[in-house]
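S.K.: Take a look at query_4.cif, mmCIF, C-alpha atoms:
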```
data_final
loop_
_atom_site.label_atom_id
_atom_site.label_comp_id
_atom_site.auth_asym_id
_atom_site.auth_seq_id
_atom_site.Cartn_x
_atom_site.Cartn_y
_atom_site.Cartn_z
CA GLN A 221 -19.77 -0.30 23.24
CA GLN A 222 -19.34 -1.81 19.79
CA GLN A 223 -17.89 0.98 17.68
CA VAL A 224 -18.27 -0.84 14.36
CA ARG A 225 -21.40 -2.88 13.72
CA GLN A 226 -22.06 -5.26 10.87
CA SER A 227 -25.24 -6.80 9.56
CA PRO A 228 -26.42 -9.33 8.82
CA GLN A 229 -24.46 -11.86 10.89
CA SER A 230 -24.78 -14.30 8.03
CA LEU A 231 -26.01 -14.07 4.48
CA THR A 232 -26.76 -16.71 1.87
CA VAL A 233 -27.10 -15.88 -1.81
CA TRP A 234 -27.21 -17.86 -5.03
CA GLU A 235 -24.38 -17.79 -7.52
CA GLY A 236 -24.73 -14.76 -9.77
CA GLU A 237 -26.73 -12.68 -7.28
CA THR A 238 -25.55 -9.49 -5.58
CA ALA A 239 -24.61 -9.80 -1.92
CA ILE A 240 -24.98 -6.67 0.21
CA LEU A 241 -23.09 -6.45 3.49
CA ASN A 242 -23.77 -3.55 5.83
CA CYS A 243 -21.60 -1.69 8.29
CA SER A 244 -22.17 1.27 10.61
CA TYR A 245 -19.92 3.09 13.03
CA GLU A 246 -20.05 5.39 16.04
CA ASN A 247 -16.83 7.39 16.00
CA SER A 248 -17.02 10.44 13.77
CA ALA A 249 -13.22 10.57 13.70
CA PHE A 250 -13.02 7.37 11.65
CA ASP A 251 -11.93 8.28 8.15
CA TYR A 252 -10.59 5.10 6.62
CA PHE A 253 -12.69 1.97 6.12
CA PRO A 254 -11.16 -1.23 4.77
CA TRP A 255 -13.04 -4.45 4.19
CA TYR A 256 -11.27 -7.72 4.81
CA GLN A 257 -12.08 -11.20 3.55
CA GLN A 258 -11.16 -14.14 5.73
CA PHE A 259 -11.27 -17.83 4.86
CA PRO A 260 -11.14 -20.48 7.60
CA GLY A 261 -7.61 -21.07 8.85
CA GLU A 262 -6.21 -17.96 7.17
CA GLY A 263 -5.49 -14.38 8.09
CA PRO A 264 -7.76 -11.59 6.82
CA ALA A 265 -6.98 -10.35 3.34
CA LEU A 266 -7.51 -6.72 2.38
CA LEU A 267 -10.29 -6.64 -0.20
CA ILE A 268 -11.12 -3.01 -0.81
CA ALA A 269 -11.00 0.22 1.17
CA ILE A 270 -12.50 3.69 1.11
CA ARG A 271 -11.63 7.01 2.68
CA SER A 272 -14.31 9.28 4.07
CA VAL A 273 -13.74 11.90 1.37
CA SER A 274 -15.30 9.52 -1.15
CA ASP A 275 -18.80 8.10 -1.36
CA LYS A 276 -18.04 5.19 -3.63
CA LYS A 277 -15.13 2.90 -4.37
CA GLU A 278 -15.23 0.19 -6.98
CA ASP A 279 -12.85 -2.66 -7.73
CA GLY A 280 -14.10 -5.27 -10.12
CA ARG A 281 -17.11 -7.03 -8.59
CA PHE A 282 -16.65 -5.27 -5.24
CA THR A 283 -18.09 -1.82 -4.52
CA ILE A 284 -18.22 0.18 -1.32
CA PHE A 285 -20.97 2.75 -0.87
CA PHE A 286 -20.31 5.26 1.89
CA ASN A 287 -22.72 7.65 3.63
CA LYS A 288 -20.79 9.91 5.98
CA ARG A 289 -23.83 11.74 7.30
CA GLU A 290 -25.49 8.52 8.43
CA LYS A 291 -22.19 6.85 9.38
CA LYS A 292 -23.01 3.86 7.25
CA LEU A 293 -21.33 1.95 4.50
CA SER A 294 -22.03 -1.17 2.54
CA LEU A 295 -20.09 -3.66 0.48
CA HIS A 296 -21.78 -4.90 -2.67
CA ILE A 297 -20.50 -8.06 -4.28
CA THR A 298 -22.00 -8.46 -7.73
CA ASP A 299 -22.14 -11.75 -9.64
CA SER A 300 -21.37 -13.66 -6.45
CA GLN A 301 -19.30 -16.81 -6.85
CA PRO A 302 -19.01 -19.86 -4.58
CA GLY A 303 -15.38 -18.87 -4.04
CA ASP A 304 -16.60 -15.66 -2.40
CA SER A 305 -17.92 -17.72 0.52
CA ALA A 306 -16.00 -16.33 3.49
CA THR A 307 -16.29 -14.04 6.48
CA TYR A 308 -16.17 -10.34 5.66
CA PHE A 309 -15.01 -7.80 8.19
CA CYS A 310 -15.66 -4.09 8.07
CA ALA A 311 -12.98 -2.12 9.88
CA ALA A 312 -12.31 1.53 10.63
CA SER A 313 -9.45 3.73 11.69
CA THR A 314 -8.47 7.33 12.09
CA GLY A 315 -5.79 7.66 9.47
CA ALA A 316 -4.15 10.56 11.23
CA ASN A 317 -3.32 8.50 14.30
CA THR A 318 -1.71 5.09 14.71
CA GLY A 319 -3.91 3.51 12.10
CA LYS A 320 -4.98 0.73 14.43
CA LEU A 321 -8.12 -0.87 13.12
CA THR A 322 -11.41 -1.33 14.95
CA PHE A 323 -13.25 -4.32 13.53
CA GLY A 324 -16.87 -5.32 13.34
CA HIS A 325 -18.02 -8.84 14.25
CA GLY A 326 -18.06 -9.92 10.63
CA THR A 327 -20.65 -11.23 8.17
CA ILE A 328 -20.48 -14.85 7.09
CA LEU A 329 -21.32 -15.05 3.40
CA ARG A 330 -22.33 -18.29 1.75
CA VAL A 331 -22.77 -18.44 -2.00
CA HIS A 332 -24.67 -21.47 -3.25
CA PRO A 333 -23.91 -22.75 -6.74
CA ASP B 1383 0.68 -10.18 -2.73
CA ALA B 1384 1.70 -8.93 0.70
CA ALA B 1385 3.94 -11.35 2.55
CA VAL B 1386 3.71 -11.15 6.30
CA THR B 1387 5.08 -14.31 7.86
CA GLN B 1388 4.14 -15.71 11.24
CA LYS B 1389 5.65 -18.60 13.18
CA PRO B 1390 4.71 -21.01 14.51
CA ARG B 1391 1.34 -21.58 12.90
CA TYR B 1392 0.14 -23.63 15.86
CA LEU B 1393 1.16 -23.46 19.49
CA ILE B 1394 -0.09 -25.58 22.38
CA LYS B 1395 0.71 -24.60 25.95
CA MET B 1396 -0.35 -25.69 29.37
CA LYS B 1397 -1.88 -23.15 31.71
CA GLY B 1398 0.90 -21.24 33.42
CA GLN B 1399 3.48 -21.78 30.69
CA GLU B 1400 5.13 -19.06 28.66
CA ALA B 1401 4.31 -18.65 24.97
CA GLU B 1402 6.13 -16.82 22.20
CA MET B 1403 5.16 -16.16 18.62
CA LYS B 1404 7.03 -14.34 15.88
CA CYS B 1405 6.18 -12.10 12.97
CA ILE B 1406 8.23 -11.07 9.96
CA PRO B 1407 6.61 -7.95 8.50
CA GLU B 1408 6.53 -7.17 4.82
CA LYS B 1409 9.81 -5.71 3.67
CA GLY B 1410 9.84 -1.94 3.85
CA HIS B 1411 6.83 -1.64 6.15
CA THR B 1412 7.51 0.50 9.19
CA ALA B 1413 4.42 -0.24 11.26
CA VAL B 1414 3.54 -3.55 12.89
CA PHE B 1415 0.30 -4.41 14.64
CA TRP B 1416 -0.81 -7.40 16.69
CA TYR B 1417 -4.45 -8.46 16.99
CA GLN B 1418 -6.22 -11.25 18.84
CA GLN B 1419 -9.13 -13.13 17.24
CA LYS B 1420 -11.30 -15.55 19.16
CA GLN B 1421 -13.61 -18.04 17.45
CA SER B 1422 -13.45 -16.25 14.09
CA LYS B 1423 -15.04 -13.16 15.62
CA GLU B 1424 -13.83 -9.58 15.45
CA LEU B 1425 -10.13 -8.83 15.68
CA LYS B 1426 -9.09 -7.11 18.87
CA PHE B 1427 -6.18 -4.67 18.73
CA LEU B 1428 -3.31 -5.51 21.10
CA ILE B 1429 -0.24 -3.42 20.32
CA TYR B 1430 1.28 -1.20 17.64
CA PHE B 1431 4.92 -0.60 16.75
CA GLN B 1432 6.22 2.19 14.58
CA ASN B 1433 9.86 1.92 13.51
CA GLN B 1434 10.30 -0.80 16.14
CA GLN B 1435 9.01 1.36 19.00
CA PRO B 1436 5.77 0.45 20.82
CA LEU B 1437 3.47 3.45 20.53
CA ASP B 1438 0.09 2.09 21.56
CA GLN B 1439 -1.09 -0.97 23.50
CA ILE B 1440 -4.03 -2.10 25.53
CA ASP B 1441 -3.81 -2.66 29.28
CA MET B 1442 -3.88 -6.46 28.97
CA VAL B 1443 -0.67 -6.37 26.96
CA LYS B 1444 1.05 -4.15 29.50
CA GLU B 1445 0.08 -6.48 32.31
CA ARG B 1446 0.58 -9.96 30.90
CA PHE B 1447 2.27 -9.84 27.53
CA SER B 1448 5.72 -8.99 26.28
CA ALA B 1449 6.16 -7.57 22.80
CA VAL B 1450 9.27 -6.37 21.01
CA CYS B 1451 10.50 -5.58 17.54
CA PRO B 1452 14.29 -5.94 17.81
CA SER B 1453 14.70 -5.27 14.12
CA SER B 1454 12.62 -4.03 11.22
CA SER B 1455 12.41 -7.60 9.99
CA LEU B 1456 11.34 -9.40 13.15
CA CYS B 1457 8.80 -8.84 15.90
CA SER B 1458 7.65 -11.13 18.66
CA LEU B 1459 4.68 -11.36 20.99
CA GLY B 1460 4.93 -13.31 24.21
CA ILE B 1461 2.58 -14.29 26.98
CA ARG B 1462 4.32 -14.58 30.32
CA THR B 1463 1.82 -16.94 31.96
CA CYS B 1464 -0.76 -18.49 29.68
CA GLU B 1465 -4.38 -18.66 30.77
CA ALA B 1466 -7.26 -20.52 29.12
CA GLU B 1467 -8.75 -17.22 27.95
CA ASP B 1468 -5.62 -16.59 25.87
CA SER B 1469 -6.59 -19.37 23.46
CA ALA B 1470 -7.03 -17.49 20.19
CA LEU B 1471 -5.61 -16.73 16.79
CA TYR B 1472 -2.91 -14.09 17.07
CA LEU B 1473 -2.56 -12.03 13.94
CA CYS B 1474 0.28 -9.77 12.96
CA SER B 1475 -0.10 -7.10 10.33
CA SER B 1476 2.27 -4.60 8.81
CA SER B 1477 1.47 -1.46 6.99
CA THR B 1478 2.62 1.16 4.66
CA TYR B 1479 1.64 4.76 4.90
CA TRP B 1480 -0.57 5.82 2.01
CA GLY B 1481 -2.29 9.17 1.66
CA GLY B 1482 -3.31 9.52 5.28
CA ALA B 1483 -4.50 5.96 5.63
CA ARG B 1484 -2.64 2.79 6.40
CA GLU B 1485 -3.22 -0.35 4.38
CA GLN B 1486 -2.60 -3.24 6.74
CA TYR B 1487 -1.66 -6.65 5.45
CA PHE B 1488 -2.06 -9.65 7.70
CA GLY B 1489 -0.11 -12.81 8.17
CA PRO B 1490 -1.76 -16.23 8.54
CA GLY B 1491 -1.69 -16.04 12.31
CA THR B 1492 -0.49 -18.22 15.17
CA ARG B 1493 -3.23 -20.33 16.70
CA LEU B 1494 -2.58 -20.67 20.42
CA THR B 1495 -4.34 -23.32 22.43
CA VAL B 1496 -3.97 -23.23 26.21
CA LEU B 1497 -4.85 -26.47 27.98
#
```
Do you think you could lay out the structure here as structure tokens?

M.R.:
Amino acid sequence: QQQVRQSPQSLTVWEGETAILNCSYENSAFDYFPWYQQFPGEGPALLIAIRSVSDKKEDGRFTIFFNKREKKLSLHITDSQPGDSATYFCAASTGANTGKLTFGHGTILRVHP
Amino acid sequence: DAAVTQKPRYLIKMKGQEAEMKCIPEKGHTAVFWYQQKQSKELKFLIYFQNQQPLDQIDMVKERFSAVCPSSSLCSLGIRTCEAEDSALYLCSSSTYWGGAREQYFGPGTRLTVL
């Protein structure tokens, strides 16, 4: 059973548009949700994260919207740039425990200039 | 920027050989995690160390892997007998405790190819 699901599998947007990446989860105990950005040949880099006590987290062009009742969250990337082209992973953990992360399959984002 | 170091970056082994990869966590981090990533898909949790002690691991690691953190500045993950299915990117992360959540920072990974 996939505990963290991401959609779409891949997304193409034009430079300057807003990219919306979706994530949903099964485990109600998850309370910490980081998003990671991964470029080919590199390890994932922490982009932005939200805790379940919040419904929104913003950092520059990146914003997480969180809906605890529906167990859904989304990452919005405004003013998308070609350099944003990467794979984005939604992850989840129960902060009270080990903190091990459960990852989704990722969304491949392509930003065309 | 976080600085988790992993060595070697690339590792090629024949089926049946032993493999070992190392991780230097970010200074001051007390938790170290290992994940396996195949074909750029989702990361799969393998094992977790807190203050150099293994506290959580999946069955595959118990059966076929060896993992230790002999010091706070060095951890290693080994595969006793490599199989083709072990070909993957092995990622190490370290974390700091922050307000009930753990921010994990990843190294560049060791890409293992088993022939």

S.K.: May I have the protein, DNA and RNA residues with an atom at most 9 Å from (-21.0, -13.5, 9.7), counting only C-alpha atoms in the file's coordinates, returned as a short mmCIF file (atom, residue, chain, number, x, y, z; two decimals) with C-alpha atoms, keeping the file's coordinate frame?

M.R.:
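In the end it all went to part_16.cif:
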```cif
data_model
loop_
_atom_site.label_atom_id
_atom_site.label_comp_id
_atom_site.auth_asym_id
_atom_site.auth_seq_id
_atom_site.Cartn_x
_atom_site.Cartn_y
_atom_site.Cartn_z
CA GLN A 226 -22.06 -5.26 10.87
CA SER A 227 -25.24 -6.80 9.56
CA PRO A 228 -26.42 -9.33 8.82
CA GLN A 229 -24.46 -11.86 10.89
CA SER A 230 -24.78 -14.30 8.03
CA LEU A 231 -26.01 -14.07 4.48
CA ALA A 306 -16.00 -16.33 3.49
CA THR A 307 -16.29 -14.04 6.48
CA TYR A 308 -16.17 -10.34 5.66
CA PHE A 309 -15.01 -7.80 8.19
CA HIS A 325 -18.02 -8.84 14.25
CA GLY A 326 -18.06 -9.92 10.63
CA THR A 327 -20.65 -11.23 8.17
CA ILE A 328 -20.48 -14.85 7.09
CA LEU A 329 -21.32 -15.05 3.40
CA LYS B 1423 -15.04 -13.16 15.62
#
```

S.K.: Step by step, work through what the PyMOL selection byres ((chain B and resi 1394) around 9) selects in the shown file, and finish by giving those residues as number ranges by chain.

M.R.: B: 1392-1393, 1395-1396, 1401, 1493-1497

S.K.: Residues of chain A near chain B: apply a cut-off of 6 Å, count only C-alpha atoms, and supply the list as a short mmCIF file (atom, residue, chain, number, x, y, z; two decimals) with C-alpha atoms, in the frame of the given file.

M.R.:
```cif
data_model
loop_
_atom_site.label_atom_id
_atom_site.label_comp_id
_atom_site.auth_asym_id
_atom_site.auth_seq_id
_atom_site.Cartn_x
_atom_site.Cartn_y
_atom_site.Cartn_z
CA GLU A 262 -6.21 -17.96 7.17
CA GLY A 263 -5.49 -14.38 8.09
CA GLY A 315 -5.79 7.66 9.47
CA GLY A 319 -3.91 3.51 12.10
CA PHE A 323 -13.25 -4.32 13.53
CA GLY A 324 -16.87 -5.32 13.34
CA HIS A 325 -18.02 -8.84 14.25
#
```

S.K.: Work out how far CA of Ser305 (chain A) is from CA of Gly280 (chain A), in Å to one decimal.

M.R.: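 Taking CA of Gly280 (chain A) and CA of Ser305 (chain A), their separation equals 16.8 Å.
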
S.K.: I'd like the residues picked by the PyMOL selection byres ((chain A and resi 312) around 8) written out as a ChimeraX atom specification, using the chain letters and numbers from the file.

M.R.: /A:224,250-254,310-311,313-314,321-323

S.K.: What does the distance from CA of Lys1397 (chain B) to CA of Pro264 (chain A) come to in Å, to one decimal?

M.R.: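 We find that CA of Lys1397 (chain B) and CA of Pro264 (chain A) lie 28.1 Å from each other.
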
S.K.: Distance CA of Asp279 (chain A)-CA of Leu295 (chain A), one decimal place?

M.R.: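 CA of Asp279 (chain A) sits 11.0 Å away from CA of Leu295 (chain A).
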